[in-house]
$ cat entry-v3.txt   # compact mmCIF, C-alpha atoms and all ligand atoms
# COMPACT_ATOMS: atom_id res chain seq x y z
CA MET I 1 77.31 93.61 102.31
CA VAL I 2 80.13 95.69 100.90
CA PHE I 3 80.47 99.23 102.25
CA LEU I 4 81.12 101.74 99.44
CA THR I 5 82.24 105.35 99.76
CA LYS I 6 80.44 108.12 97.81
CA GLU I 7 83.26 108.12 95.27
CA GLU I 8 82.97 104.33 94.79
CA GLU I 9 79.18 104.55 94.50
CA ALA I 10 79.51 107.24 91.86
CA MET I 11 81.73 104.96 89.81
CA LEU I 12 79.36 102.01 90.25
CA SER I 13 76.33 104.08 89.21
CA GLY I 14 77.92 104.98 85.88
CA ARG I 15 78.23 108.70 86.68
CA GLU I 16 81.99 108.42 86.08
CA GLY I 17 81.60 106.69 82.71
CA HIS I 18 81.29 103.18 81.28
CA ALA I 19 84.85 101.95 82.00
CA ALA I 20 84.72 103.03 85.65
CA LYS I 21 81.28 101.42 86.04
CA LYS I 22 82.35 98.08 84.49
CA SER I 23 85.56 98.09 86.56
CA MET I 24 83.72 98.86 89.79
CA GLU I 25 81.22 96.06 89.05
CA ILE I 26 84.14 93.61 88.77
CA ILE I 27 85.72 94.78 92.03
CA VAL I 28 82.44 94.74 93.96
CA ALA I 29 81.66 91.24 92.62
CA LEU I 30 85.07 90.04 93.85
CA ALA I 31 84.49 91.74 97.22
CA LYS I 32 81.20 89.81 97.57
CA ILE I 33 82.74 86.47 96.53
CA PHE I 34 85.62 86.82 98.99
CA GLY I 35 83.60 88.35 101.82
CA ALA I 36 85.33 91.75 101.82
CA GLU I 37 83.51 94.38 103.86
CA LYS I 38 84.96 97.32 101.97
CA LEU I 39 87.31 98.43 99.21
CA ILE I 40 90.67 100.12 99.72
CA GLY I 41 92.73 102.54 97.71
CA ILE I 42 95.85 101.16 96.01
CA SER I 43 99.20 102.77 95.24
CA SER I 44 99.71 101.03 91.92
CA ALA I 45 98.35 98.41 89.56
CA GLN I 46 100.29 96.00 87.40
CA VAL I 47 98.27 94.60 84.55
CA SER I 48 98.96 91.12 83.19
CA GLY I 49 97.42 89.53 80.10
CA VAL I 50 99.28 91.71 77.61
CA SER I 51 100.55 89.20 75.05
CA TYR I 52 98.30 89.01 72.01
CA LYS I 53 98.80 85.23 72.36
CA ASN I 54 96.61 85.44 75.50
CA VAL I 55 94.48 88.51 74.77
CA GLY I 56 93.20 87.44 71.32
CA ASP I 57 90.71 89.41 69.24
CA GLU I 58 87.92 89.27 71.81
CA GLY I 59 90.18 90.64 74.53
CA LEU I 60 91.38 93.38 72.21
CA GLU I 61 87.78 94.38 71.47
CA PHE I 62 86.96 94.44 75.21
CA LEU I 63 89.95 96.75 75.80
CA ARG I 64 88.90 99.01 72.91
CA VAL I 65 85.46 99.50 74.44
CA LEU I 66 86.97 100.34 77.85
CA SER I 67 89.40 102.80 76.25
CA LYS I 68 86.54 104.98 74.96
CA ASP I 69 86.27 106.69 78.35
CA GLY I 70 88.55 104.74 80.73
CA LYS I 71 91.72 106.18 82.28
CA ALA I 72 94.02 104.79 84.96
CA ARG I 73 93.54 106.58 88.30
CA VAL I 74 96.79 105.31 89.88
CA SER I 75 100.29 104.51 88.56
CA SER I 76 99.73 101.47 86.38
CA TYR I 77 102.15 99.27 84.47
CA LEU I 78 102.06 96.48 81.91
CA ASN I 79 103.38 92.94 82.18
CA PRO I 80 105.49 91.57 79.27
CA ALA I 81 104.01 91.55 75.79
CA GLY I 82 104.24 88.77 73.21
CA MET I 83 107.25 90.24 71.44
CA ASP I 84 110.08 92.76 71.57
CA LEU I 85 108.10 95.85 70.64
CA GLU I 86 110.94 97.36 68.59
CA ASN I 87 113.03 94.48 67.26
CA TRP I 88 110.31 91.86 66.76
CA ARG I 89 111.50 91.10 63.22
CA ASP I 90 114.91 89.94 64.58
CA PHE I 91 113.08 87.25 66.54
CA GLY I 92 111.06 85.91 63.60
CA ILE I 93 107.68 87.24 64.82
CA SER I 94 105.11 87.34 62.02
CA GLU I 95 103.74 90.64 60.64
CA SER I 96 100.19 89.59 61.53
CA PHE I 97 101.05 88.86 65.20
CA ALA I 98 103.10 92.07 65.49
CA LYS I 99 100.28 94.20 64.09
CA LYS I 100 97.81 92.86 66.66
CA GLN I 101 100.31 93.07 69.53
CA LEU I 102 101.08 96.72 68.73
CA GLU I 103 97.33 97.45 68.68
CA VAL I 104 96.99 95.89 72.15
CA ILE I 105 99.80 98.12 73.45
CA GLU I 106 98.24 101.23 71.88
CA VAL I 107 94.90 100.55 73.58
CA PHE I 108 96.60 100.06 76.95
CA LYS I 109 98.46 103.34 76.42
CA LYS I 110 95.15 105.07 75.69
CA LEU I 111 93.91 103.66 79.00
CA GLY I 112 96.85 105.36 80.72
CA ILE I 113 98.75 102.15 81.53
CA VAL I 114 102.50 102.69 81.12
CA PRO I 115 103.94 100.11 78.69
CA THR I 116 106.86 99.11 80.90
CA CYS I 117 106.18 95.55 79.67
CA THR I 118 108.01 93.86 82.49
CA CYS I 119 107.26 91.27 85.14
CA ALA I 120 109.76 93.04 87.40
CA PRO I 121 108.21 96.54 87.74
CA TYR I 122 109.85 96.77 91.18
CA LEU I 123 113.26 97.04 89.42
CA VAL I 124 112.42 99.84 87.03
CA ALA I 125 109.09 101.50 87.64
CA ASP I 126 107.51 101.16 91.04
CA ILE I 127 109.40 100.15 94.17
CA PRO I 128 106.72 98.92 96.59
CA LYS I 129 106.89 100.24 100.13
CA PHE I 130 106.31 98.22 103.27
CA GLY I 131 102.60 97.90 104.04
CA GLN I 132 101.48 99.58 100.82
CA HIS I 133 98.35 98.16 99.13
CA LEU I 134 98.73 97.21 95.47
CA ALA I 135 96.77 95.36 92.79
CA TRP I 136 99.36 93.44 90.79
CA GLY I 137 98.66 90.73 88.27
CA GLU I 138 101.94 89.01 87.46
CA SER I 139 102.26 86.10 89.89
CA SER I 140 106.05 86.32 90.38
CA ALA I 141 105.85 90.09 90.94
CA VAL I 142 103.03 89.54 93.45
CA ALA I 143 105.18 87.10 95.43
CA VAL I 144 108.16 89.50 95.29
CA ALA I 145 106.10 92.55 96.32
CA ASN I 146 104.46 90.73 99.24
CA SER I 147 107.50 88.81 100.44
CA ILE I 148 110.65 90.83 99.70
CA PHE I 149 109.12 94.31 100.04
CA GLY I 150 106.37 93.59 102.57
CA ALA I 151 103.74 95.31 100.40
CA ARG I 152 100.21 93.84 100.15
CA THR I 153 98.58 92.47 97.05
CA ASN I 154 96.44 89.53 96.06
CA ARG I 155 97.17 87.55 92.90
CA GLU I 156 95.03 89.65 90.60
CA SER I 157 93.89 88.44 87.19
CA GLY I 158 94.53 90.61 84.14
CA ILE I 159 90.92 91.83 84.29
CA SER I 160 90.81 92.58 88.03
CA ALA I 161 94.19 94.39 87.94
CA LEU I 162 92.90 96.47 85.04
CA ALA I 163 89.68 97.20 86.94
CA SER I 164 91.80 98.36 89.88
CA ALA I 165 93.93 100.54 87.60
CA LEU I 166 90.79 102.24 86.24
CA THR I 167 89.27 102.85 89.68
CA GLY I 168 92.29 103.05 92.01
CA LYS I 169 90.55 100.49 94.26
CA THR I 170 90.67 96.85 95.21
CA ALA I 171 88.59 94.62 97.50
CA TYR I 172 89.93 94.42 101.05
CA TYR I 173 90.52 90.68 101.58
CA GLY I 174 93.23 88.03 101.32
CA TYR I 175 96.83 89.25 101.59
CA HIS I 176 95.71 92.81 102.42
CA LEU I 177 94.81 91.51 105.89
CA ASP I 178 97.31 90.73 108.67
CA GLU I 179 95.74 87.38 109.55
CA ASN I 180 96.32 85.92 106.07
CA ARG I 181 100.01 86.83 106.05
CA LYS I 182 101.08 84.37 108.73
CA PRO I 183 103.11 81.36 107.57
CA THR I 184 101.35 78.01 107.26
CA LEU I 185 104.29 75.65 106.71
CA THR I 186 107.92 75.69 107.85
CA VAL I 187 110.50 74.52 105.32
CA GLU I 188 113.80 73.51 106.88
CA VAL I 189 116.27 73.93 104.03
CA GLU I 190 119.15 71.55 104.74
CA ALA I 191 120.51 71.52 101.18
CA HIS I 192 123.20 74.00 100.23
CA LEU I 193 121.61 76.29 97.65
CA ALA I 194 124.34 77.65 95.42
CA GLY I 195 122.57 79.69 92.74
CA GLU I 196 119.30 80.90 91.26
CA ASP I 197 118.61 77.47 89.73
CA ASP I 198 118.82 75.85 93.19
CA PHE I 199 116.47 78.45 94.65
CA GLY I 200 114.14 77.86 91.69
CA ALA I 201 114.20 74.10 92.34
CA LEU I 202 113.34 74.76 95.99
CA GLY I 203 110.38 76.92 94.93
CA TYR I 204 109.23 74.35 92.38
CA HIS I 205 109.26 71.57 95.00
CA VAL I 206 107.63 73.57 97.81
CA GLY I 207 105.01 75.23 95.58
CA LYS I 208 103.59 71.81 94.73
CA ILE I 209 103.26 70.94 98.43
CA VAL I 210 102.09 74.23 99.95
CA LYS I 211 99.81 75.20 97.01
CA SER I 212 98.22 78.52 98.08
CA GLY I 213 99.72 78.50 101.59
CA VAL I 214 102.45 80.73 103.01
CA PRO I 215 105.81 78.94 103.38
CA TYR I 216 108.33 80.02 105.99
CA PHE I 217 111.87 79.12 104.92
CA ARG I 218 114.69 78.48 107.37
CA LEU I 219 117.94 78.29 105.41
CA LYS I 220 120.80 76.43 107.04
CA LYS I 221 123.30 78.27 104.83
CA LYS I 222 122.60 81.97 104.43
CA THR I 223 123.00 82.10 100.65
CA ALA I 224 119.87 84.10 99.80
CA THR I 225 120.18 87.23 97.65
CA VAL I 226 117.39 89.33 96.20
CA ASP I 227 117.88 87.82 92.72
CA ARG I 228 117.85 84.27 94.10
CA LEU I 229 114.67 85.03 96.05
CA ARG I 230 113.11 86.39 92.85
CA SER I 231 113.77 82.97 91.31
CA LEU I 232 112.25 81.29 94.35
CA ALA I 233 109.19 83.58 94.18
CA ALA I 234 108.57 82.87 90.49
CA ALA I 235 108.90 79.11 90.98
CA LEU I 236 106.61 79.02 94.05
CA ALA I 237 104.00 81.01 92.17
CA SER I 238 104.11 78.71 89.14
CA SER I 239 104.14 75.18 90.60
CA GLY I 240 101.79 76.30 93.39
CA SER I 241 99.81 79.50 93.67
CA VAL I 242 101.94 81.05 96.38
CA ALA I 243 101.56 84.83 96.73
CA LEU I 244 103.62 85.30 99.90
CA PHE I 245 106.54 83.58 101.60
CA HIS I 246 108.88 84.47 104.42
CA VAL I 247 112.59 83.76 104.83
CA GLU I 248 113.87 83.77 108.40
CA GLY I 249 116.32 86.59 108.99
CA PHE I 250 115.84 88.03 105.51
CA THR I 251 112.34 89.12 104.48
CA PRO I 252 110.85 92.10 106.35
CA GLU I 253 107.81 90.52 107.99
CA ALA I 254 109.88 87.54 109.18
CA LYS I 255 112.17 90.04 110.90
CA ILE I 256 109.46 92.29 112.29
CA ARG I 257 106.79 89.80 113.28
CA GLY I 258 109.16 86.99 114.34
CA PHE I 259 107.12 83.88 113.47
CA GLU I 260 107.62 80.79 115.61
CA ALA I 261 108.66 77.90 113.41
CA GLY I 262 107.87 75.33 116.10
CA LYS I 263 104.13 76.00 115.90
CA MET I 264 103.73 75.06 112.26
CA GLU I 265 103.66 71.89 110.21
CA LYS I 266 107.18 71.24 108.97
CA ILE I 267 108.89 69.71 105.92
CA SER I 268 112.57 69.52 105.08
CA PHE I 269 114.37 70.12 101.81
CA GLY I 270 117.65 68.25 101.61
CA GLN I 271 120.06 67.26 98.85
CA GLU I 272 117.78 64.43 97.71
CA GLU I 273 114.81 66.78 97.21
CA LEU I 274 117.04 69.32 95.46
CA ASP I 275 118.41 66.72 93.01
CA SER I 276 114.99 65.28 92.34
CA ALA I 277 113.41 68.73 91.66
CA LYS I 278 116.26 69.60 89.26
CA ARG I 279 115.82 66.29 87.43
CA GLU I 280 112.10 67.02 87.01
CA LEU I 281 112.83 70.49 85.65
CA SER I 282 115.23 69.17 83.00
CA ASP I 283 113.92 66.82 80.30
CA GLY I 284 115.86 68.06 77.27
CA ALA I 285 119.09 66.79 75.73
CA GLU I 286 120.32 69.60 73.49
CA PRO I 287 118.81 73.13 73.36
CA ASP I 288 118.25 75.10 70.16
CA LEU I 289 117.66 78.28 72.19
CA VAL I 290 119.26 79.50 75.41
CA CYS I 291 117.15 82.01 77.31
CA VAL I 292 117.58 83.60 80.71
CA GLY I 293 115.80 86.43 82.50
CA CYS I 294 112.71 84.84 84.07
CA PRO I 295 111.74 86.88 86.04
CA HIS I 296 113.11 89.74 83.89
CA ALA I 297 116.84 90.17 84.49
CA SER I 298 118.27 92.69 86.93
CA LEU I 299 121.27 94.87 86.08
CA GLU I 300 123.41 92.69 88.31
CA GLU I 301 122.42 89.56 86.40
CA ILE I 302 123.08 91.27 83.07
CA GLY I 303 126.50 92.34 84.40
CA LYS I 304 127.30 88.69 85.25
CA ILE I 305 126.29 87.60 81.75
CA ALA I 306 128.49 90.32 80.19
CA LYS I 307 131.43 89.12 82.25
CA LEU I 308 130.89 85.53 81.15
CA LEU I 309 130.58 86.56 77.48
CA LEU I 310 133.50 88.98 77.37
CA GLY I 311 135.58 88.36 74.21
CA LYS I 312 133.49 85.30 73.19
CA LYS I 313 130.98 84.53 70.42
CA VAL I 314 127.80 82.53 70.87
CA LYS I 315 127.11 79.54 68.61
CA LYS I 316 123.50 79.17 69.71
CA GLU I 317 120.66 81.69 69.74
CA PHE I 318 120.84 83.34 73.18
CA TRP I 319 118.14 85.64 74.61
CA ILE I 320 118.35 87.77 77.72
CA CYS I 321 114.78 88.70 78.68
CA CYS I 322 114.47 92.04 80.45
CA SER I 323 112.61 95.32 80.43
CA ARG I 324 113.63 97.93 77.87
CA SER I 325 114.58 100.27 80.73
CA MET I 326 116.95 97.64 82.11
CA MET I 327 118.52 97.15 78.68
CA LYS I 328 119.11 100.93 78.55
CA ALA I 329 120.75 100.76 81.97
CA ALA I 330 122.93 97.91 80.64
CA GLU I 331 123.95 100.18 77.75
CA VAL I 332 124.98 102.89 80.19
CA ALA I 333 126.90 100.35 82.27
CA GLY I 334 128.73 99.07 79.16
CA TYR I 335 127.29 95.55 79.51
CA ALA I 336 125.04 95.73 76.44
CA LYS I 337 127.93 96.20 73.99
CA THR I 338 129.82 93.17 75.36
CA ILE I 339 126.66 91.07 75.13
CA GLU I 340 125.74 92.18 71.62
CA ASP I 341 129.34 91.86 70.38
CA ALA I 342 129.16 88.24 71.49
CA GLY I 343 126.06 87.78 69.31
CA ALA I 344 123.55 87.40 72.17
CA LYS I 345 120.25 89.33 72.05
CA PHE I 346 118.22 91.35 74.51
CA ALA I 347 114.62 90.19 74.28
CA CYS I 348 113.03 93.35 75.70
CA ASP I 349 109.34 93.75 76.63
CA THR I 350 108.71 90.01 76.37
CA CYS I 351 109.90 86.57 77.47
CA MET I 352 110.34 82.96 76.39
CA VAL I 353 106.94 82.01 77.84
CA VAL I 354 104.58 84.76 76.65
CA CYS I 355 105.98 85.12 73.11
CA PRO I 356 104.62 82.66 70.50
CA ILE I 357 107.74 80.51 70.90
CA GLU I 358 106.13 77.34 69.48
CA GLU I 359 105.62 79.19 66.18
CA LEU I 360 109.26 80.30 66.04
CA GLY I 361 110.45 76.72 65.50
CA TYR I 362 112.21 76.11 68.82
CA ARG I 363 111.80 72.67 70.36
CA THR I 364 114.22 72.66 73.31
CA ILE I 365 115.35 75.58 75.43
CA ALA I 366 118.05 75.92 78.07
CA THR I 367 117.25 78.14 81.03
CA ASN I 368 118.19 78.84 84.63
CA SER I 369 114.58 79.60 85.60
CA ALA I 370 112.33 76.99 87.23
CA LYS I 371 109.24 78.99 86.26
CA ALA I 372 110.35 79.16 82.61
CA SER I 373 111.08 75.42 82.68
CA ASN I 374 107.72 74.57 84.24
CA TYR I 375 105.67 76.69 81.81
CA SER I 376 107.75 75.89 78.72
CA ARG I 377 107.24 72.17 79.31
CA ASN I 378 103.65 72.26 80.49
CA LEU I 379 102.11 75.18 78.56
CA ASN I 380 104.27 75.51 75.46
CA GLY I 381 105.13 71.84 74.88
CA LEU I 382 108.91 72.38 74.75
CA LYS I 383 111.72 70.33 76.22
CA VAL I 384 114.05 72.04 78.68
CA CYS I 385 117.69 71.84 79.77
CA TYR I 386 117.82 73.31 83.27
CA GLY I 387 120.95 74.60 84.97
CA PRO I 388 122.74 77.61 86.48
CA LEU I 389 123.43 80.82 84.59
CA GLU I 390 127.07 79.86 84.00
CA ARG I 391 126.06 76.60 82.33
CA CYS I 392 123.46 78.37 80.16
CA VAL I 393 126.03 80.91 78.95
CA SER I 394 128.59 78.19 78.34
CA ALA I 395 126.02 76.18 76.31
CA ALA I 396 125.41 79.24 74.12
CA VAL I 397 129.15 79.76 73.60
CA GLU I 398 130.22 76.12 73.19
CA GLY I 399 127.15 75.21 71.15
CA LYS I 400 126.31 72.25 73.36
CA TRP I 401 124.71 71.62 76.77
FE1 LIG B 1 108.35 87.11 83.65
FE2 LIG B 1 107.83 85.67 81.55
FE3 LIG B 1 109.00 84.61 83.60
S1 LIG B 1 106.51 87.18 82.44
S2 LIG B 1 108.28 85.72 85.37
S3 LIG B 1 109.85 86.24 82.31
S4 LIG B 1 107.37 83.68 82.43
$ encode --input "entry-v3.txt" --output "structure tokens"
Amino acid sequence: MVFLTKEEEAMLSGREGHAAKKSMEIIVALAKIFGAEKLIGISSAQVSGVSYKNVGDEGLEFLRVLSKDGKARVSSYLNPAGMDLENWRDFGISESFAKKQLEVIEVFKKLGIVPTCTCAPYLVADIPKFGQHLAWGESSAVAVANSIFGARTNRESGISALASALTGKTAYYGYHLDENRKPTLTVEVEAHLAGEDDFGALGYHVGKIVKSGVPYFRLKKKTATVDRLRSLAAALASSGSVALFHVEGFTPEAKIRGFEAGKMEKISFGQEELDSAKRELSDGAEPDLVCVGCPHASLEEIGKIAKLLLGKKVKKEFWICCSRSMMKAAEVAGYAKTIEDAGAKFACDTCMVVCPIEELGYRTIATNSAKASNYSRNLNGLKVCYGPLERCVSAAVEGKW
């Protein structure tokens, strides 16, 4: 039995229109499946399933019907689309794909969802607050919001996040509840993790073991940064279905709640595990595309790339995936000119995984992202050269891995 307020009942009855009714039906069905006793209000929604590659014509039609009377009731943002919405021609995207993708974006706009088109809304649009309830769809953003910010969201699907956007509600279960936020497995990290690729390899390895559990990391060397933990989050959420992790001495709930590592099952991650995970993530010999920014690049990461590219020219196609807002910030900071003078490209609004990369003729990519490697190999059928940012930039400049 799910308790509904008068406002929620009005939506469910259809008195608030078709889109609100359909959305409330989805949320109530989820509440019943997961045993939620009630719904709760959310502060924001982040809607995934934006690329026309995933939405398709049926999805577009479904969105069109909702957009007849649907409107977001809370701040709502879009995940990356299947192409750079302005410079898609520069990337070889076909006219037919672009036309459909732009239609998808227009319908979302009509629904009141802001086309931020980023998997890192917490960098440019909506900084989650501790304890705030959200309904976010992008798995890496979910893990970042829950773990680094201490906000509360389940791993929503594109449909359920949209339903939450159009009602301002979500079912009260899962990671919204204290009891499901406790760690289930301690990971003693003995290996020295030097960069985002090492943190990604850690996430890739642990995600496969912990699956949907909550890992608690104890790092021997305190080398974590927010960007490195974003890499970890994305990798955990792609090889497993992790939505929340804790890092001793770093993430907010680990500090506040003080979990006791001794009480949990324990695994260790040493140099051998690190080397083996990196070997698994790298099966390519020579890339024809270098792409970084998975999750979407921060200004700090773009600044590092600009420094590495200063006064150089790239010999290989090189994409930096980020939000359009972040690219604008890079222009203000002076990084964008250095990057573009070197011949590298900002791939705004999209990424190497959700764009139709197979149709663009690429066979092997180089990346510093474990999530991008995992999905490029397993979903898009590409080969991957995996290594740190510095090696990726150097491969683009030297023309070889
Ligand atoms: Fe973001 Fe695409 Fe990676 S959506 S997390 S850049 S796969």
$ residues_around --input "entry-v3.txt" --residues "Val2 (chain I)" --least-positions-apart "5" --cutoff "12 Å" --atoms "all atoms listed in the file" --output "number ranges by chain"
I: 8-9, 25, 27-40, 171-173
$ residues_near_ligand --input "entry-v3.txt" --ligand "ligand LIG 1 (chain B)" --cutoff "6 Å" --atoms "all atoms listed in the file" --output "count of residues only"
12
$ closest_residue --input "entry-v3.txt" --among "I:Pro115, I:Thr338, I:Val397, I:Glu248" --to "Ser325 (chain I)" --atoms "all atoms listed in the file"
I:Pro115
$ closest_residue --input "entry-v3.txt" --among "I:Lys169, I:Lys400, I:Arg228, I:Lys109" --to "Arg73 (chain I)" --atoms "all atoms listed in the file"
I:Lys169
$ axis_aligned_box --input "entry-v3.txt" --around "region 169-176 of chain I" --padding-each-side "8 Å" --output "AutoDock Vina command-line options"
--center_x 92.7 --center_y 94.3 --center_z 98.3 --size_x 24.2 --size_y 28.5 --size_z 24.2
$ atom_distance --input "entry-v3.txt" --atom1 "CA of Glu340 (chain I)" --atom2 "CA of Lys312 (chain I)"
10.5 Å
$ atom_distance --input "entry-v3.txt" --atom1 "CA of Ile42 (chain I)" --atom2 "CA of Gln132 (chain I)"
7.6 Å
$ atom_distance --input "entry-v3.txt" --atom1 "CA of Val393 (chain I)" --atom2 "CA of Ser373 (chain I)"
16.4 Å
$ closest_residue --input "entry-v3.txt" --among "I:Pro356, I:Gly361, I:Pro183, I:Gly112" --to "Ser51 (chain I)" --atoms "only C-alpha atoms"
I:Pro356
$ residues_around --input "entry-v3.txt" --residues "Gly399 (chain I)" --least-positions-apart "2" --cutoff "10 Å" --atoms "only C-alpha atoms" --output "list in words"
Glu286, Pro287, Asp288, Val290, Val314, Lys315, Lys316, Glu317, Val393, Ser394, Ala395, Ala396, Val397 and Trp401 of chain I
$ residues_near_point --input "entry-v3.txt" --point "(102.5, 75.0, 76.7)" --cutoff "12 Å" --atoms "only C-alpha atoms" --output "list in words"
Lys53, Met352, Val353, Val354, Cys355, Pro356, Ile357, Glu358, Glu359, Arg363, Ala372, Ser373, Asn374, Tyr375, Ser376, Arg377, Asn378, Leu379, Asn380, Gly381, Leu382 and Lys383 of chain I
$ closest_residue --input "entry-v3.txt" --among "I:Val50, I:Ile305, I:Met83, I:Ala72" --to "Ile105 (chain I)" --atoms "only C-alpha atoms"
I:Val50
$ closest_residue --input "entry-v3.txt" --among "I:Gly70, I:Gly131, I:Gly158, I:Gly82" --to "Ala347 (chain I)" --atoms "only C-alpha atoms"
I:Gly82
$ residues_around --input "entry-v3.txt" --residues "Pro215 (chain I)" --least-positions-apart "3" --cutoff "10 Å" --atoms "only C-alpha atoms" --output "list in words"
Lys182, Pro183, Thr184, Leu185, Thr186, Val187, Gly203, Val206, Gly207, Ile209, Val210, Lys211, Ser212, Arg218, Leu236, Val242, Ala243, Leu244, Phe245, His246, Val247, Met264 and Lys266 of chain I
$ write_last_selection --input "entry-v3.txt" --atoms "C-alpha atoms" --output "CSV table (one decimal), in the coordinates of the input"
chain,number,residue,atom,x,y,z
I,182,LYS,CA,101.1,84.4,108.7
I,183,PRO,CA,103.1,81.4,107.6
I,184,THR,CA,101.4,78.0,107.3
I,185,LEU,CA,104.3,75.6,106.7
I,186,THR,CA,107.9,75.7,107.8
I,187,VAL,CA,110.5,74.5,105.3
I,203,GLY,CA,110.4,76.9,94.9
I,206,VAL,CA,107.6,73.6,97.8
I,207,GLY,CA,105.0,75.2,95.6
I,209,ILE,CA,103.3,70.9,98.4
I,210,VAL,CA,102.1,74.2,100.0
I,211,LYS,CA,99.8,75.2,97.0
I,212,SER,CA,98.2,78.5,98.1
I,218,ARG,CA,114.7,78.5,107.4
I,236,LEU,CA,106.6,79.0,94.0
I,242,VAL,CA,101.9,81.0,96.4
I,243,ALA,CA,101.6,84.8,96.7
I,244,LEU,CA,103.6,85.3,99.9
I,245,PHE,CA,106.5,83.6,101.6
I,246,HIS,CA,108.9,84.5,104.4
I,247,VAL,CA,112.6,83.8,104.8
I,264,MET,CA,103.7,75.1,112.3
I,266,LYS,CA,107.2,71.2,109.0
$ closest_residue --input "entry-v3.txt" --among "I:Leu274, I:Val47, I:Ala329, I:Ala20" --to "Ala81 (chain I)" --atoms "only C-alpha atoms"
I:Val47
$ residues_around --input "entry-v3.txt" --residues "Asn146 (chain I)" --least-positions-apart "6" --cutoff "10 Å" --atoms "all atoms listed in the file" --output "ChimeraX atom specification"
/I:128-134,152-154,175-176,181,233,243-246,251-253
$ residues_near_point --input "entry-v3.txt" --point "(87.9, 100.7, 87.2)" --cutoff "6 Å" --atoms "all atoms listed in the file" --output "list of chain:residue names"
I:Ala20, I:Ser23, I:Met24, I:Ala163, I:Ser164, I:Leu166, I:Thr167
